[in-house]
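Enquirer: Quick one: this structure, given as structure tokens, is what I'll be asking you about.
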Amino acid sequence: MTAMTPGSNIPLSAARVAVDVAAPVRLDVSGLLLTADGKVRSDDDFIFYNQPSGPGVTYRPGGGSAPDAIVVDTTAVPPGIEKIVVTASPDAAGRTFQGVEPTATVRNADDGSALATFTPPQLGSETALVVIEIYLRNGAWKARAVGQGYANGLAGIATDFGVSVEEPAAAAPAPAAPVAPPVAPPAPVAAPVDPRIAPPAPAAPPAPPAPPAGSGKINLDKGRISLQKNQTVSLVKGGRPLLSQVKMGLGWEPAFRGKDIDLDASVIAFGPDRGHLDSCYFGKLSILNGAIKHSGDNLTGEGAGDDEVIVVDLGRIPAEATGLVFTVNSFTGQKFTEVAKAYCRLIDAATGEELVRFDLTGAEPQTGVMMAKLIKQFSGEWEMTAMGEFVKSRTVRGMVKPAAKAL
């Protein structure tokens, strides 16, 4: 195994490699596929936990006991992509690498054997790093140690590589001691919203942003919607209410190096007077004559993808059911401060298309949270509102009264 220094490189002896980045604190690891000009082609080339797969590159969550990793299958990388950069940033908002020593390990993805390690030296005010490059040179794939730091977090990395984020903020400072001068970005491409990024002002006028949290309403005509807390989306597409079968996927991970955590996802159905009709959870997998069904209990939260799924047939919901509140509880008593990356997302069950997503970006030391609610309007359409409201309750039974009050 080779111990790399900044700028050094090694030939890759494996076609499939994984780059993981470990540290004493939880890190978020991302990957970007770059062309010869050092830019991404589109938002599909930005790979992270909210968009875990792309052409030849996947994000692999480590769970509570292992670091996240970017896996590169060099045989599947599309023509025109000459470099995959692996980045890392502390999961806690605003935290720097001061006193944090990350170590990247390049491994054979098939057998887990280590090919090389790299620990970037002398880190301080950086809040994000380009750690390793997997690059193509004269027909052969190699790995290079980089260690380029950015004081403005993932926003600085995104700007350098031509990615723009949907919601503009004040201009961010320049990168901290980059290895090479950054190239001015081209006209930005729309990228999936990563809640960890506080983005710089865009280089070109962006598309009209979604309404700010708690104001206004949008629909599904413009594709996937990323909601903020208290924001509402009308489940209408092409002028017609969405009345087909949808899935509410809920997911979470244990906090870094934490124990497996058993959370329970549920949905509580209410009538027009906020009267409790029924609850669907791991102990009752079907309610409302099969219009709502639960996938079953996930005991650990380990692994990529949704941990529990609740299928809702909007067209079969009986008329007396006008409100659905989706909740998550910790039956074993662990608090949501011990949970990482909790989210819910609404999926078209027929196509698998993600329609709406809400990432829980804050946590409170409670055992229950109301993630989202679906409310049926007098017009017959359904509206989804992101909630993120914490409750002291280990079971769905204790969520009924708070959920009714929140409708």
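Ordering of the structure tokens sets the chain letters (A, B, ...), residue numbers begin anew at 1 in every chain, and ligands are numbered from 1 in the order given.
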Using only C-alpha atoms, which protein or nucleic acid residues come within 8 Å of Arg107 (chain A)? Drop anything in the same chain fewer than 6 positions from it, and give the result as a compact mmCIF listing (two decimals) with C-alpha atoms, in the first residue's frame.
Expert:
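Output (part.txt):
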# COMPACT_ATOMS: atom_id res chain seq x y z
CA VAL A 17 -12.04 1.41 -6.95
CA ALA A 18 -13.63 2.95 -3.87
CA VAL A 19 -12.36 6.12 -2.22
CA SER A 113 -7.87 -4.21 -0.20
CA ALA A 114 -6.16 -0.85 0.27
CA LEU A 115 -4.15 0.48 -2.68
CA ALA A 116 -3.12 3.85 -1.23
Enquirer: Skip Gly368 (chain A) itself and residues of its chain fewer than 3 positions away, then list as a list of chain:residue names all residues within 8 Å of it, counting only C-alpha atoms.
Expert: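 Those residues are A:Thr327, A:Val328, A:Asn329, A:Ser330, A:Phe336, A:Phe390, A:Val391, A:Lys392, A:Ser393, A:Arg394, A:Thr395, A:Met399.
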Enquirer: So that I have them on file, write out the residues from the current selection with C-alpha atoms, as a compact mmCIF listing (two decimals), in the first residue's frame.
Expert:
# COMPACT_ATOMS: atom_id res chain seq x y z
CA THR A 327 -44.30 10.40 11.17
CA VAL A 328 -41.10 8.71 12.35
CA ASN A 329 -40.56 7.47 15.91
CA SER A 330 -37.73 5.94 17.91
CA PHE A 336 -33.07 12.38 16.63
CA PHE A 390 -40.39 17.17 16.69
CA VAL A 391 -42.54 15.49 19.33
CA LYS A 392 -41.80 13.62 22.57
CA SER A 393 -43.25 10.24 21.63
CA ARG A 394 -41.77 6.80 21.01
CA THR A 395 -44.87 5.39 19.29
CA MET A 399 -48.30 11.24 17.60
Enquirer: Would you kindly return, as a ChimeraX atom specification, each protein, DNA or RNA residue with an atom no farther than 6 Å from any atom of Leu27 (chain A), considering only C-alpha atoms and excluding same-chain residues fewer than 3 positions away?
Expert: /A:89-91
Enquirer: Of the candidates A:Leu314, A:Leu34, A:Leu250, A:Leu263, which one gets nearest to Ala372 (chain A) if we count only C-alpha atoms?
Expert: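 Checking each of A:Leu314, A:Leu34, A:Leu250, A:Leu263 against Ala372 (chain A), counting only C-alpha atoms, the winner is A:Leu250.
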Enquirer: Got a sec: who's within 8 Å of Asp359 (chain A), counting only C-alpha atoms, leaving out chain neighbours fewer than 3 positions off, as a tab-separated table (two decimals) with all heavy atoms, in the first residue's frame?
Expert:
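Dumped everything to result_8.tsv:
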chain	number	residue	atom	x	y	z
A	195	PRO	N	-28.52	20.33	0.94
A	195	PRO	CA	-28.78	21.22	2.07
A	195	PRO	C	-27.53	21.65	2.81
A	195	PRO	O	-27.59	22.54	3.63
A	195	PRO	CB	-29.69	20.38	2.96
A	195	PRO	CG	-29.44	18.97	2.58
A	195	PRO	CD	-29.13	19.01	1.11
A	227	LEU	N	-38.41	20.47	-1.15
A	227	LEU	CA	-39.13	21.36	-0.24
A	227	LEU	C	-38.27	21.79	0.94
A	227	LEU	O	-37.41	21.06	1.40
A	227	LEU	CB	-40.37	20.65	0.30
A	227	LEU	CG	-41.53	20.40	-0.67
A	227	LEU	CD1	-42.68	19.71	0.08
A	227	LEU	CD2	-42.01	21.68	-1.31
A	228	GLN	N	-38.55	23.00	1.42
A	228	GLN	CA	-38.04	23.46	2.69
A	228	GLN	C	-39.14	23.27	3.73
A	228	GLN	O	-40.30	23.04	3.40
A	228	GLN	CB	-37.66	24.94	2.61
A	228	GLN	CG	-36.65	25.27	1.53
A	228	GLN	CD	-36.47	26.77	1.39
A	228	GLN	OE1	-36.42	27.49	2.37
A	228	GLN	NE2	-36.38	27.25	0.17
A	341	LYS	N	-29.12	12.44	8.41
A	341	LYS	CA	-29.68	12.45	7.06
A	341	LYS	C	-31.09	11.86	6.97
A	341	LYS	O	-31.39	11.08	6.08
A	341	LYS	CB	-28.74	11.72	6.09
A	341	LYS	CG	-27.35	12.34	6.00
A	341	LYS	CD	-26.43	11.54	5.10
A	341	LYS	CE	-25.05	12.15	5.07
A	341	LYS	NZ	-24.10	11.34	4.29
A	342	ALA	N	-31.94	12.22	7.89
A	342	ALA	CA	-33.33	11.77	7.78
A	342	ALA	C	-34.02	12.55	6.67
A	342	ALA	O	-33.78	13.75	6.48
A	342	ALA	CB	-34.06	11.98	9.11
A	343	TYR	N	-34.88	11.88	5.92
A	343	TYR	CA	-35.58	12.54	4.81
A	343	TYR	C	-36.88	11.80	4.53
A	343	TYR	O	-37.11	10.67	5.00
A	343	TYR	CB	-34.72	12.51	3.54
A	343	TYR	CG	-34.53	11.12	2.95
A	343	TYR	CD1	-35.47	10.58	2.06
A	343	TYR	CD2	-33.44	10.33	3.31
A	343	TYR	CE1	-35.32	9.29	1.55
A	343	TYR	CE2	-33.28	9.05	2.81
A	343	TYR	CZ	-34.23	8.54	1.93
A	343	TYR	OH	-34.08	7.26	1.43
A	344	CYS	N	-37.75	12.44	3.77
A	344	CYS	CA	-38.88	11.75	3.17
A	344	CYS	C	-38.98	12.19	1.72
A	344	CYS	O	-38.56	13.30	1.37
A	344	CYS	CB	-40.19	12.03	3.93
A	344	CYS	SG	-40.78	13.73	3.85
Enquirer: Would you pick out the contacts of Thr119 (chain A) at 10 Å or less, using only C-alpha atoms, so that residues sharing its chain but fewer than 5 positions from it are not included, and give the list as a list of chain:residue names?
Expert: A:Ala3, A:Met4, A:Thr5, A:Pro6, A:Val21, A:Ala22, A:Glu101, A:Pro102, A:Thr103, A:Ala104, A:Thr105, A:Val131, A:Ala145, A:Val146, A:Gly147
Enquirer: Tell me, counting only C-alpha atoms, for each residue of region 225-275 of chain A within 9 Å of region 305-312 of chain A, which pair of atoms is nearest and how far apart they are in Å to one decimal, in rows ordered by chain and increasing number, as a Markdown table.
Expert:
| residue | atom | partner | partner_atom | distance |
| --- | --- | --- | --- | --- |
| A:Ser244 | CA | A:Val312 | CA | 8.5 |
| A:Gln245 | CA | A:Val312 | CA | 5.7 |
| A:Val246 | CA | A:Val312 | CA | 5.3 |
| A:Lys247 | CA | A:Val311 | CA | 4.4 |
| A:Met248 | CA | A:Ile310 | CA | 5.1 |
| A:Gly249 | CA | A:Val309 | CA | 4.4 |
| A:Leu250 | CA | A:Asp306 | CA | 5.4 |
| A:Gly251 | CA | A:Asp306 | CA | 4.6 |
| A:Trp252 | CA | A:Asp307 | CA | 6.9 |
| A:Glu253 | CA | A:Asp307 | CA | 9.0 |
| A:Asp264 | CA | A:Glu308 | CA | 7.9 |
| A:Ala265 | CA | A:Glu308 | CA | 6.5 |
| A:Ser266 | CA | A:Ile310 | CA | 7.7 |
| A:Val267 | CA | A:Ile310 | CA | 7.8 |
Enquirer: Can you measure CA of Ala88 (chain A) to CA of Val25 (chain A) for me? One decimal in Å is fine.
Expert: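 Calculated distance between CA of Ala88 (chain A) and CA of Val25 (chain A) is 11.5 Å.
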Enquirer: As a PyMOL selection string, please: all residues of region 119-159 of chain A that backbone DSSP puts in alpha helix (DSSP H).
Expert: chain A and resi 153-159
Enquirer: For the residues in that selection, give me C-alpha atoms as a compact mmCIF listing (two decimals), in the first residue's frame.
Expert:
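Generated file (result-v9.txt):
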# COMPACT_ATOMS: atom_id res chain seq x y z
CA GLY A 153 -17.38 24.85 1.61
CA LEU A 154 -18.99 22.82 -1.14
CA ALA A 155 -20.21 26.04 -2.76
CA GLY A 156 -16.62 26.86 -3.70
CA ILE A 157 -16.04 23.42 -5.16
CA ALA A 158 -19.33 23.56 -7.05
CA THR A 159 -18.45 26.94 -8.55
Enquirer: At what distance in Å, to one decimal, does CA of Gly54 (chain A) lie from CA of Val40 (chain A)?
Expert: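 Going from CA of Val40 (chain A) over to CA of Gly54 (chain A) covers 11.9 Å.
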Enquirer: Give the strand (DSSP E) residues of region 289-365 of chain A, as assigned by DSSP on the backbone, as a ChimeraX atom specification.
Expert: /A:292-294,308-313,323-330,339-348,354-359
